[in-house]
>>> print(open('protein.cif').read())   # mmCIF, C-alpha atoms
data_work
#
loop_
_atom_site.label_atom_id
_atom_site.label_comp_id
_atom_site.auth_asym_id
_atom_site.auth_seq_id
_atom_site.Cartn_x
_atom_site.Cartn_y
_atom_site.Cartn_z
CA MET I 79 28.46 73.52 70.41
CA ASP I 80 32.13 73.48 69.45
CA SER I 81 32.72 77.16 70.05
CA GLY I 82 36.29 77.06 68.74
CA GLY I 83 35.19 75.79 65.33
CA TRP I 84 32.36 78.30 65.07
CA SER I 85 34.80 81.09 65.95
CA ARG I 86 37.18 79.87 63.24
CA ARG I 87 34.37 79.92 60.69
CA ARG I 88 33.62 83.53 61.58
CA PHE I 89 37.35 84.32 61.50
CA VAL I 90 37.83 82.87 58.01
CA GLY I 91 34.91 84.99 56.86
CA ALA I 92 35.96 88.10 58.79
CA LEU I 93 33.85 91.05 57.80
CA ALA I 94 36.18 93.93 58.56
CA GLY I 95 36.87 96.24 55.64
CA GLY I 96 35.28 96.05 52.20
CA ALA I 97 32.65 98.11 50.48
CA ALA I 98 29.68 99.52 52.31
CA ALA I 99 26.54 97.42 52.02
CA ALA I 100 23.52 98.74 50.19
CA ALA I 101 20.22 98.17 51.94
CA LEU I 102 17.37 96.68 49.93
CA PRO I 103 13.80 97.97 50.30
CA ALA I 104 11.54 96.17 52.73
CA CYS I 105 9.66 93.12 51.52
CA ASP I 106 6.27 94.78 51.90
CA ASP I 107 7.31 97.49 49.44
CA ALA I 108 8.59 95.08 46.80
CA PRO I 109 6.74 93.97 43.66
CA GLU I 110 5.38 90.44 43.35
CA PRO I 111 7.95 87.78 42.40
CA ALA I 112 8.62 87.13 38.74
CA ALA I 113 7.44 83.82 37.32
CA THR I 114 9.91 80.96 37.58
CA PRO I 115 9.22 78.41 34.85
CA ALA I 116 10.97 75.08 35.21
CA PRO I 117 14.15 74.84 33.08
CA GLU I 118 14.20 72.62 30.01
CA PRO I 119 16.69 69.74 29.80
CA GLU I 120 20.24 70.82 28.98
CA THR I 121 21.61 69.64 25.63
CA GLY I 122 25.13 70.97 26.16
CA THR I 123 25.34 73.11 23.01
CA SER I 124 25.85 76.85 23.10
CA ALA I 125 23.33 77.51 20.31
CA SER I 126 20.54 75.65 22.06
CA ARG I 127 21.26 77.42 25.33
CA GLU I 128 21.01 80.77 23.58
CA ALA I 129 17.73 79.75 21.97
CA ARG I 130 16.22 78.86 25.34
CA ARG I 131 17.53 81.91 27.19
CA PRO I 132 14.44 83.58 28.69
CA SER I 133 13.51 87.20 28.30
CA GLY I 134 12.45 89.52 31.08
CA PRO I 135 13.59 89.66 34.73
CA ARG I 136 14.35 86.45 36.61
CA PRO I 137 14.27 86.02 40.42
CA LEU I 138 17.48 86.10 42.45
CA TYR I 139 17.60 85.34 46.20
CA LEU I 140 20.48 86.53 48.37
CA GLY I 141 21.80 85.12 51.63
CA THR I 142 23.53 87.17 54.32
CA TYR I 143 24.46 87.35 58.01
CA THR I 144 21.86 89.49 59.76
CA SER I 145 23.90 89.47 63.00
CA ALA I 146 27.07 90.82 61.34
CA GLU I 147 28.01 94.47 61.25
CA GLY I 148 26.74 95.84 57.94
CA GLY I 149 24.74 92.67 57.31
CA GLY I 150 21.33 92.35 55.76
CA LYS I 151 17.86 92.28 57.34
CA GLY I 152 16.89 88.86 55.99
CA ILE I 153 16.79 87.10 52.61
CA GLY I 154 17.53 89.63 49.89
CA LEU I 155 15.16 89.80 46.90
CA ALA I 156 16.37 90.83 43.47
CA THR I 157 15.91 90.14 39.78
CA TYR I 158 18.44 89.70 37.01
CA ASP I 159 18.40 90.05 33.25
CA ALA I 160 19.28 86.66 31.75
CA ALA I 161 20.83 88.27 28.68
CA THR I 162 22.95 90.98 30.30
CA GLY I 163 23.37 89.66 33.85
CA ARG I 164 22.30 93.00 35.32
CA ILE I 165 20.86 92.69 38.85
CA THR I 166 18.14 94.91 40.32
CA GLY I 167 17.24 94.83 44.02
CA SER I 168 13.55 94.47 44.90
CA GLY I 169 13.13 93.84 48.62
CA THR I 170 13.83 91.65 51.63
CA VAL I 171 12.14 88.73 53.35
CA THR I 172 12.57 89.70 57.00
CA ALA I 173 12.20 87.56 60.13
CA VAL I 174 14.84 85.05 58.97
CA GLY I 175 18.02 85.18 61.05
CA ASP I 176 21.45 84.71 59.46
CA PRO I 177 20.19 83.03 56.25
CA SER I 178 23.68 82.23 54.97
CA TYR I 179 22.67 79.44 52.57
CA LEU I 180 19.55 78.94 50.44
CA ALA I 181 17.95 76.06 48.53
CA LEU I 182 14.87 75.65 46.35
CA HIS I 183 12.25 72.90 46.48
CA PRO I 184 12.04 70.89 43.22
CA ASP I 185 8.52 72.23 42.60
CA ARG I 186 9.98 75.77 42.77
CA ARG I 187 7.28 76.94 45.20
CA THR I 188 9.27 77.04 48.45
CA LEU I 189 12.62 78.49 49.42
CA TYR I 190 14.61 77.13 52.37
CA ALA I 191 17.27 78.93 54.41
CA VAL I 192 19.62 77.96 57.21
CA ASP I 193 19.58 80.11 60.33
CA GLU I 194 23.32 79.98 61.00
CA ARG I 195 23.27 80.63 64.73
CA ASP I 196 24.33 78.86 67.93
CA ASP I 197 20.80 77.47 68.22
CA GLY I 198 20.59 76.38 64.60
CA ALA I 199 17.40 76.20 62.58
CA VAL I 200 16.06 75.90 59.05
CA THR I 201 13.27 78.09 57.69
CA ALA I 202 10.74 77.66 54.85
CA VAL I 203 9.46 80.59 52.77
CA ARG I 204 6.53 80.29 50.32
CA LEU I 205 7.57 82.13 47.17
CA ALA I 206 4.10 83.00 45.85
CA ASP I 207 3.57 85.57 48.60
CA ARG I 208 6.93 85.37 50.45
CA LYS I 209 5.21 84.12 53.57
CA VAL I 210 7.54 82.56 56.17
CA LEU I 211 6.06 79.11 56.85
CA GLY I 212 8.01 78.59 60.04
CA SER I 213 11.34 77.30 61.32
CA ARG I 214 12.55 74.05 62.85
CA GLY I 215 15.60 73.42 64.99
CA THR I 216 18.42 71.45 63.40
CA GLY I 217 19.61 70.03 66.71
CA GLY I 218 23.04 71.57 66.26
CA ALA I 219 25.01 74.78 66.03
CA ALA I 220 25.68 77.00 63.03
CA PRO I 221 23.97 75.14 60.17
CA CYS I 222 25.76 76.32 57.03
CA HIS I 223 24.32 74.20 54.20
CA LEU I 224 21.03 72.62 53.21
CA SER I 225 19.55 70.82 50.22
CA VAL I 226 16.25 69.23 49.27
CA HIS I 227 16.15 65.51 48.50
CA PRO I 228 15.08 65.06 44.85
CA GLY I 229 11.73 63.55 45.82
CA GLY I 230 10.85 66.79 47.60
CA ARG I 231 9.88 65.09 50.88
CA TRP I 232 13.03 65.70 52.96
CA LEU I 233 15.27 68.63 53.79
CA LEU I 234 18.93 67.83 54.54
CA SER I 235 21.08 70.22 56.57
CA ALA I 236 24.64 70.34 57.91
CA ASN I 237 25.53 71.80 61.32
CA TYR I 238 29.05 73.20 61.09
CA GLY I 239 29.47 74.13 64.74
CA SER I 240 28.53 70.74 66.17
CA GLY I 241 29.57 68.51 63.27
CA SER I 242 26.20 66.88 62.64
CA VAL I 243 23.67 66.38 59.86
CA ALA I 244 19.89 66.59 60.18
CA VAL I 245 16.79 65.51 58.27
CA HIS I 246 13.41 67.30 58.31
CA PRO I 247 10.17 66.24 56.59
CA ILE I 248 8.55 68.59 54.07
CA ASP I 249 4.75 68.57 53.86
CA ALA I 250 2.56 69.23 50.83
CA SER I 251 2.55 72.98 51.52
CA GLY I 252 6.36 73.15 51.61
CA ALA I 253 6.43 73.67 55.39
CA LEU I 254 8.84 71.72 57.58
CA GLY I 255 8.01 69.14 60.21
CA GLU I 256 9.95 68.14 63.30
CA ARG I 257 13.39 66.65 62.73
CA THR I 258 13.37 62.91 61.96
CA ASP I 259 17.09 62.25 62.42
CA LEU I 260 20.31 63.81 63.66
CA VAL I 261 23.73 62.17 63.25
CA ARG I 262 26.95 63.57 64.72
CA HIS I 263 30.28 62.70 63.13
CA THR I 264 32.14 61.05 66.01
CA THR I 265 34.67 59.08 63.96
CA PRO I 266 37.31 59.40 62.68
CA PRO I 267 38.95 61.82 65.13
CA PRO I 268 39.43 65.46 64.11
CA GLY I 269 42.15 66.26 61.60
CA PRO I 270 45.26 68.38 62.25
CA GLY I 271 44.39 71.76 63.74
CA GLN I 272 40.71 70.83 64.29
CA GLU I 273 39.06 70.46 67.70
CA GLY I 274 36.02 68.56 66.46
CA PRO I 275 33.83 67.64 63.48
CA HIS I 276 32.50 70.42 61.23
CA ALA I 277 29.84 69.26 58.78
CA HIS I 278 29.93 71.65 55.84
CA GLN I 279 27.62 70.15 53.19
CA PHE I 280 24.84 67.57 52.87
CA VAL I 281 23.70 66.54 49.37
CA THR I 282 22.09 63.71 47.40
CA SER I 283 24.00 61.69 44.81
CA PRO I 284 22.80 62.04 41.19
CA ASP I 285 21.33 58.52 41.20
CA GLY I 286 19.33 59.38 44.32
CA GLY I 287 20.48 56.28 46.14
CA HIS I 288 22.68 57.94 48.74
CA VAL I 289 23.18 61.20 50.61
CA LEU I 290 26.69 62.49 51.25
CA ALA I 291 28.01 64.72 54.01
CA VAL I 292 31.30 66.61 53.71
CA ASP I 293 33.01 67.25 57.06
CA LEU I 294 35.88 69.73 57.23
CA GLY I 295 36.83 68.83 60.81
CA THR I 296 37.30 65.09 60.29
CA ASP I 297 38.67 65.27 56.72
CA THR I 298 35.92 62.87 55.67
CA VAL I 299 33.09 62.42 53.17
CA TYR I 300 30.35 60.31 54.80
CA THR I 301 27.87 58.29 52.73
CA TYR I 302 24.41 57.48 54.10
CA ARG I 303 21.27 55.77 52.90
CA LEU I 304 18.13 57.78 53.58
CA ASP I 305 15.00 55.84 54.48
CA ASP I 306 12.50 57.62 52.27
CA LYS I 307 9.58 56.64 54.50
CA ALA I 308 11.02 57.30 57.97
CA GLY I 309 13.52 60.04 57.15
CA THR I 310 16.33 58.26 58.99
CA LEU I 311 19.99 57.83 58.03
CA SER I 312 22.16 54.71 57.91
CA GLU I 313 25.89 55.18 57.37
CA VAL I 314 27.33 52.98 54.61
CA GLY I 315 30.80 54.42 54.08
CA GLN I 316 33.51 56.93 54.87
CA ALA I 317 36.12 58.37 52.52
CA GLN I 318 39.09 60.21 54.00
CA THR I 319 41.02 63.01 52.36
CA ARG I 320 44.66 63.53 53.14
CA PRO I 321 45.12 64.76 56.75
CA GLY I 322 44.48 68.48 57.14
CA ALA I 323 42.82 68.98 53.76
CA GLY I 324 39.65 70.38 55.32
CA PRO I 325 37.07 69.32 52.70
CA ARG I 326 34.30 71.88 52.29
CA HIS I 327 32.21 71.35 49.17
CA LEU I 328 31.59 68.54 46.69
CA THR I 329 29.85 68.63 43.32
CA PHE I 330 29.07 65.74 40.99
CA HIS I 331 29.89 65.38 37.31
CA PRO I 332 26.62 64.92 35.36
CA GLY I 333 27.72 61.39 34.46
CA GLY I 334 27.26 60.47 38.12
CA ARG I 335 30.46 58.44 38.55
CA TYR I 336 32.84 61.23 39.57
CA ALA I 337 32.70 64.23 41.88
CA TYR I 338 35.02 67.17 42.61
CA LEU I 339 35.96 68.11 46.14
CA ALA I 340 37.10 71.59 47.25
CA ASN I 341 39.48 71.44 50.23
CA GLU I 342 39.38 74.66 52.23
CA VAL I 343 42.31 74.24 54.60
CA ASP I 344 45.11 73.04 52.32
CA ASN I 345 43.93 74.99 49.24
CA THR I 346 43.48 72.01 46.89
CA VAL I 347 40.86 70.15 44.89
CA ALA I 348 40.48 66.41 44.33
CA VAL I 349 38.65 64.18 41.88
CA CYS I 350 36.55 61.53 43.65
CA SER I 351 35.11 58.34 42.19
CA TYR I 352 31.61 57.27 43.24
CA ASP I 353 30.01 53.84 43.01
CA PRO I 354 26.21 54.16 42.80
CA ALA I 355 25.63 50.56 43.90
CA SER I 356 27.52 50.74 47.19
CA GLY I 357 27.76 54.50 47.72
CA ARG I 358 31.51 54.11 48.09
CA VAL I 359 33.58 57.25 47.48
CA GLU I 360 37.32 57.28 46.81
CA VAL I 361 39.20 60.57 47.07
CA GLY I 362 41.94 61.09 44.50
CA GLU I 363 45.19 63.01 44.71
CA ALA I 364 45.21 66.67 45.74
CA GLN I 365 45.49 69.09 42.82
CA SER I 366 46.40 72.76 42.49
CA THR I 367 43.85 75.55 42.54
CA GLY I 368 46.16 77.77 40.52
CA THR I 369 46.26 80.42 43.25
CA GLY I 370 49.99 80.23 44.02
CA SER I 371 51.63 80.32 47.42
CA GLY I 372 49.52 83.05 49.04
CA THR I 373 46.75 82.41 51.54
CA SER I 374 43.57 81.27 49.84
CA TYR I 375 40.55 79.25 50.96
CA PRO I 376 38.63 77.32 48.27
CA ALA I 377 34.91 77.71 48.79
CA GLN I 378 32.54 76.17 46.26
CA ILE I 379 33.14 74.16 43.09
CA LEU I 380 30.69 73.85 40.17
CA VAL I 381 30.61 71.80 36.98
CA THR I 382 28.74 72.73 33.81
CA ALA I 383 25.65 70.77 32.83
CA ASP I 384 27.46 69.31 29.81
CA GLY I 385 30.29 68.13 32.08
CA ARG I 386 33.06 69.92 30.15
CA TYR I 387 34.23 72.60 32.60
CA ALA I 388 34.47 73.15 36.34
CA TYR I 389 34.87 76.37 38.34
CA LEU I 390 36.23 76.97 41.83
CA ALA I 391 35.74 80.07 44.01
CA ASN I 392 38.90 81.12 45.87
CA ARG I 393 38.58 83.34 48.96
CA GLY I 394 41.72 85.33 49.68
CA HIS I 395 43.08 85.01 46.15
CA ASN I 396 39.68 86.43 45.13
CA SER I 397 39.49 84.54 41.89
CA LEU I 398 37.65 81.85 39.98
CA THR I 399 39.67 78.88 38.80
CA ARG I 400 38.65 77.23 35.53
CA TYR I 401 39.27 73.54 34.83
CA ALA I 402 38.72 71.42 31.75
CA VAL I 403 36.97 68.18 32.66
CA GLU I 404 38.46 65.24 30.79
CA ALA I 405 38.23 61.43 30.54
CA ASP I 406 34.44 61.38 31.03
CA GLY I 407 34.81 63.19 34.33
CA ALA I 408 37.81 61.32 35.74
CA ARG I 409 40.30 64.15 35.32
CA LEU I 410 40.54 67.91 35.92
CA ARG I 411 43.01 69.98 33.91
CA LEU I 412 43.85 73.42 35.28
CA LEU I 413 43.25 76.17 32.72
CA GLY I 414 43.85 79.27 34.84
CA THR I 415 42.18 81.84 37.06
CA VAL I 416 40.26 85.08 36.54
CA PRO I 417 39.66 87.85 39.12
CA VAL I 418 36.23 87.55 40.71
CA GLY I 419 35.82 91.32 40.95
CA GLY I 420 35.03 91.24 44.67
CA ASP I 421 36.48 90.30 48.05
CA PHE I 422 36.11 86.78 49.50
CA PRO I 423 33.85 84.86 47.06
CA ARG I 424 31.94 82.66 49.50
CA GLN I 425 29.58 80.92 47.05
CA ILE I 426 29.00 80.60 43.30
CA ALA I 427 25.99 79.46 41.26
CA PHE I 428 24.93 79.07 37.64
CA SER I 429 21.75 80.49 36.18
CA PRO I 430 19.36 77.66 35.20
CA GLU I 431 20.50 77.81 31.57
CA GLY I 432 24.16 77.80 32.57
CA THR I 433 24.90 80.98 30.63
CA LEU I 434 25.65 83.11 33.72
CA LEU I 435 27.74 82.49 36.84
CA PHE I 436 27.01 84.45 40.03
CA ALA I 437 29.59 84.99 42.80
CA ALA I 438 28.59 86.15 46.30
CA ASN I 439 31.51 88.15 47.72
CA GLN I 440 31.30 88.31 51.49
CA LYS I 441 33.81 91.00 52.49
CA SER I 442 33.05 93.44 49.68
CA SER I 443 29.27 92.97 50.12
CA THR I 444 28.80 92.47 46.39
CA VAL I 445 27.54 89.98 43.84
CA THR I 446 29.46 89.75 40.58
CA VAL I 447 28.16 88.08 37.44
CA PHE I 448 29.98 86.43 34.54
CA HIS I 449 28.91 85.29 31.10
CA VAL I 450 29.88 81.64 30.58
CA ASP I 451 31.12 80.77 27.08
CA GLY I 452 29.53 77.45 26.18
CA ALA I 453 32.21 76.71 23.60
CA ASN I 454 35.37 77.08 25.69
CA GLY I 455 34.19 77.65 29.25
CA GLY I 456 35.61 81.17 29.34
CA LEU I 457 34.27 83.73 31.82
CA ARG I 458 33.55 87.36 30.95
CA ARG I 459 32.37 89.97 33.46
CA ALA I 460 28.78 91.07 33.02
CA GLY I 461 28.80 94.73 34.04
CA GLU I 462 29.27 96.27 37.46
CA ALA I 463 29.09 94.45 40.77
CA PHE I 464 25.75 94.54 42.58
CA PRO I 465 25.89 95.80 46.21
CA SER I 466 24.34 93.30 48.64
CA PRO I 467 24.90 93.36 52.43
CA VAL I 468 27.49 90.73 53.48
CA ALA I 469 26.74 88.63 50.40
CA VAL I 470 27.35 84.96 51.24
CA CYS I 471 24.87 83.23 48.91
CA ALA I 472 23.27 84.01 45.54
CA LEU I 473 20.52 81.75 44.20
CA PRO I 474 19.36 82.62 40.65
CA LEU I 475 16.15 81.02 39.35
#
>>> encode(input="protein.cif", output="structure tokens")
Amino acid sequence: MDSGGWSRRRFVGALAGGAAAAALPACDDAPEPAATPAPEPETGTSASREARRPSGPRPLYLGTYTSAEGGGKGIGLATYDAATGRITGSGTVTAVGDPSYLALHPDRRTLYAVDERDDGAVTAVRLADRKVLGSRGTGGAAPCHLSVHPGGRWLLSANYGSGSVAVHPIDASGALGERTDLVRHTTPPPGPGQEGPHAHQFVTSPDGGHVLAVDLGTDTVYTYRLDDKAGTLSEVGQAQTRPGAGPRHLTFHPGGRYAYLANEVDNTVAVCSYDPASGRVEVGEAQSTGTGSGTSYPAQILVTADGRYAYLANRGHNSLTRYAVEADGARLRLLGTVPVGGDFPRQIAFSPEGTLLFAANQKSSTVTVFHVDGANGGLRRAGEAFPSPVAVCALPL
């Protein structure tokens, strides 16, 4: 593995200081999971979102570092109230090491977690009874992101420490098979201040025709075609950011022709164009995060289902930046920032209806929740922060 890069990742997310973590009860003592009905299509209007807002508790899964001081014991289990945003802890799925990022199968029956360790792996958990279905090696170090291909047959993961991306088959039960491909980012050479590639994200384009890997170490977004029968990757393009940007996370506009890229190292964002036919990505000019001249590391960027607003989590500045999305997705206009109410927001996620935004705050070991105003994109805190050991991922269902 590239030990220097892995050390830097731990350094950026240093765990010293912050609030004490609250332990969740063991999984065996927790109630059965709440039902998770599939969300209805989003219409983009506030009134319709309110009408579809479910009642009763909804499941929330929490990622952590089990090997960190004050970290969790596995995947945290909780529920949240979709109207108030209030979170209640309910247990832990143990026997999963350093589950720092989580993803859900499209059929909503299986949860997947990275095991962000030197000997990286990915783990499947059946949600009906929270049974761990087993783990498979990713072939690299420190996997930090994973996603499920829309067809539900392939799991995609990114190895930060070794700068590679992996593909695993998913069987009918949701369990994982042996890896079908592993590609290391050998070109272009590392960017300024980087000793090697650092794959940070691996996702599918909205049209389903390509899979894209964001690599912080090489300042590059790689585009691949995935063979849906063999589970193998063929590179079809590379898009470079400006040197030293350190791209971390990309999210697509619902229109499918534009995407927004969060650059961790130089504290910027960029609008990218995407051509579904060729898979070609073009990275636009760097834009401000609104965090000023202090040290801040952009983490994750989200866009609303109606494509009108985007939000960026800023570690260090400890804020959420709000953008208006204009010109059918081709432009971001900075609106301002709001305090996240925690320390080092590592990851953010919307509730399925888009009415709540969850922020996992690593250093303060908390999850904060915001109401999202469908009319103007405004954010309003939803009560007190929820204590969660070394909170690095929150996945609301």
>>> resolve_selection(input="protein.cif", expression="the PyMOL selection byres ((chain I and resi 358) around 12)", output="ChimeraX atom specification")
/I:283,287-290,299-303,313-318,335-337,350-357,359-361
>>> residues_around(input="protein.cif", residues="Leu328 of chain I", least_positions_apart="6", cutoff="10 Å", atoms="all atoms listed in the file", output="number ranges by chain")
I: 278-281, 290-292, 299, 337-341, 347-350, 377-380
>>> atom_distance(input="protein.cif", atom1="atom CA of Glu147 of chain I", atom2="atom CA of Ser178 of chain I")
14.4 Å
>>> atom_distance(input="protein.cif", atom1="atom CA of Pro474 of chain I", atom2="atom CA of Leu457 of chain I")
17.4 Å
>>> closest_residue(input="protein.cif", among="I:Ile426, I:Val226, I:Leu254, I:Leu398", to="Gly368 of chain I", atoms="only C-alpha atoms")
I:Leu398
>>> axis_aligned_box(input="protein.cif", around="segment 360-377 of chain I", padding_each_side="3 Å", output="lines of an AutoDock Vina configuration file")
center_x = 43.3
center_y = 70.2
center_z = 46.0
size_x = 22.7
size_y = 31.8
size_z = 17.0
>>> resolve_selection(input="protein.cif", expression="the PyMOL selection byres ((chain I and resi 153) around 8)", output="PyMOL selection string")
chain I and resi 139-142+150-152+154-155+170-172+174+177
>>> closest_residue(input="protein.cif", among="I:Glu256, I:Asp293, I:Val343, I:Leu211", to="Pro270 of chain I", atoms="all atoms listed in the file")
I:Val343
>>> atom_distance(input="protein.cif", atom1="atom CA of Arg409 of chain I", atom2="atom CA of Asn345 of chain I")
18.0 Å
>>> resolve_selection(input="protein.cif", expression="the PyMOL selection byres ((chain I and resi 432) around 8)", output="NGL selection string")
:I and (127 or 382-383 or 428-431 or 433-435 or 450)
>>> residues_around(input="protein.cif", residues="Gly295 of chain I", least_positions_apart="3", cutoff="9 Å", atoms="only C-alpha atoms", output="list in words")
Gly83, Tyr238, Gly241, Pro267, Pro268, Gly269, Pro270, Gly271, Gln272, Glu273, Gly274, Pro275, His276, Ala277, His278, Thr298, Gly322, Gly324 and Pro325 of chain I
>>> residues_near_point(input="protein.cif", point="(33.3, 64.5, 33.7)", cutoff="8 Å", atoms="all atoms listed in the file", output="JSON list (two decimals) with C-alpha atoms, in the coordinates of the input")
[["chain", "number", "residue", "atom", "x", "y", "z"],
["I", 331, "HIS", "CA", 29.89, 65.38, 37.31],
["I", 332, "PRO", "CA", 26.62, 64.92, 35.36],
["I", 333, "GLY", "CA", 27.72, 61.39, 34.46],
["I", 336, "TYR", "CA", 32.84, 61.23, 39.57],
["I", 385, "GLY", "CA", 30.29, 68.13, 32.08],
["I", 386, "ARG", "CA", 33.06, 69.92, 30.15],
["I", 403, "VAL", "CA", 36.97, 68.18, 32.66],
["I", 404, "GLU", "CA", 38.46, 65.24, 30.79],
["I", 405, "ALA", "CA", 38.23, 61.43, 30.54],
["I", 406, "ASP", "CA", 34.44, 61.38, 31.03],
["I", 407, "GLY", "CA", 34.81, 63.19, 34.33],
["I", 408, "ALA", "CA", 37.81, 61.32, 35.74],
["I", 409, "ARG", "CA", 40.30, 64.15, 35.32]]
>>> closest_residue(input="protein.cif", among="I:Arg400, I:Gly455, I:Ala437, I:Gly163", to="Leu473 of chain I", atoms="all atoms listed in the file")
I:Ala437
>>> closest_residue(input="protein.cif", among="I:Gly175, I:Pro221, I:Pro247, I:Gly362", to="Asp305 of chain I", atoms="only C-alpha atoms")
I:Pro247
>>> closest_residue(input="protein.cif", among="I:Val445, I:Leu410, I:Ala156, I:Ala206", to="Val470 of chain I", atoms="all atoms listed in the file")
I:Val445
>>> residues_around(input="protein.cif", residues="Arg459 of chain I", least_positions_apart="4", cutoff="7 Å", atoms="all atoms listed in the file", output="PyMOL selection string")
chain I and resi 447-449
>>> write_last_selection(input="protein.cif", atoms="C-alpha atoms", output="short mmCIF file (atom, residue, chain, number, x, y, z; two decimals), keeping the file's coordinate frame")
data_model
loop_
_atom_site.label_atom_id
_atom_site.label_comp_id
_atom_site.auth_asym_id
_atom_site.auth_seq_id
_atom_site.Cartn_x
_atom_site.Cartn_y
_atom_site.Cartn_z
CA VAL I 447 28.16 88.08 37.44
CA PHE I 448 29.98 86.43 34.54
CA HIS I 449 28.91 85.29 31.10
#
>>> residues_around(input="protein.cif", residues="Arg262 of chain I", least_positions_apart="4", cutoff="8 Å", atoms="only C-alpha atoms", output="compact mmCIF listing (two decimals) with C-alpha atoms, in the frame of the given file")
# COMPACT_ATOMS: atom_id res chain seq x y z
CA SER I 240 28.53 70.74 66.17
CA GLY I 241 29.57 68.51 63.27
CA SER I 242 26.20 66.88 62.64
CA VAL I 243 23.67 66.38 59.86
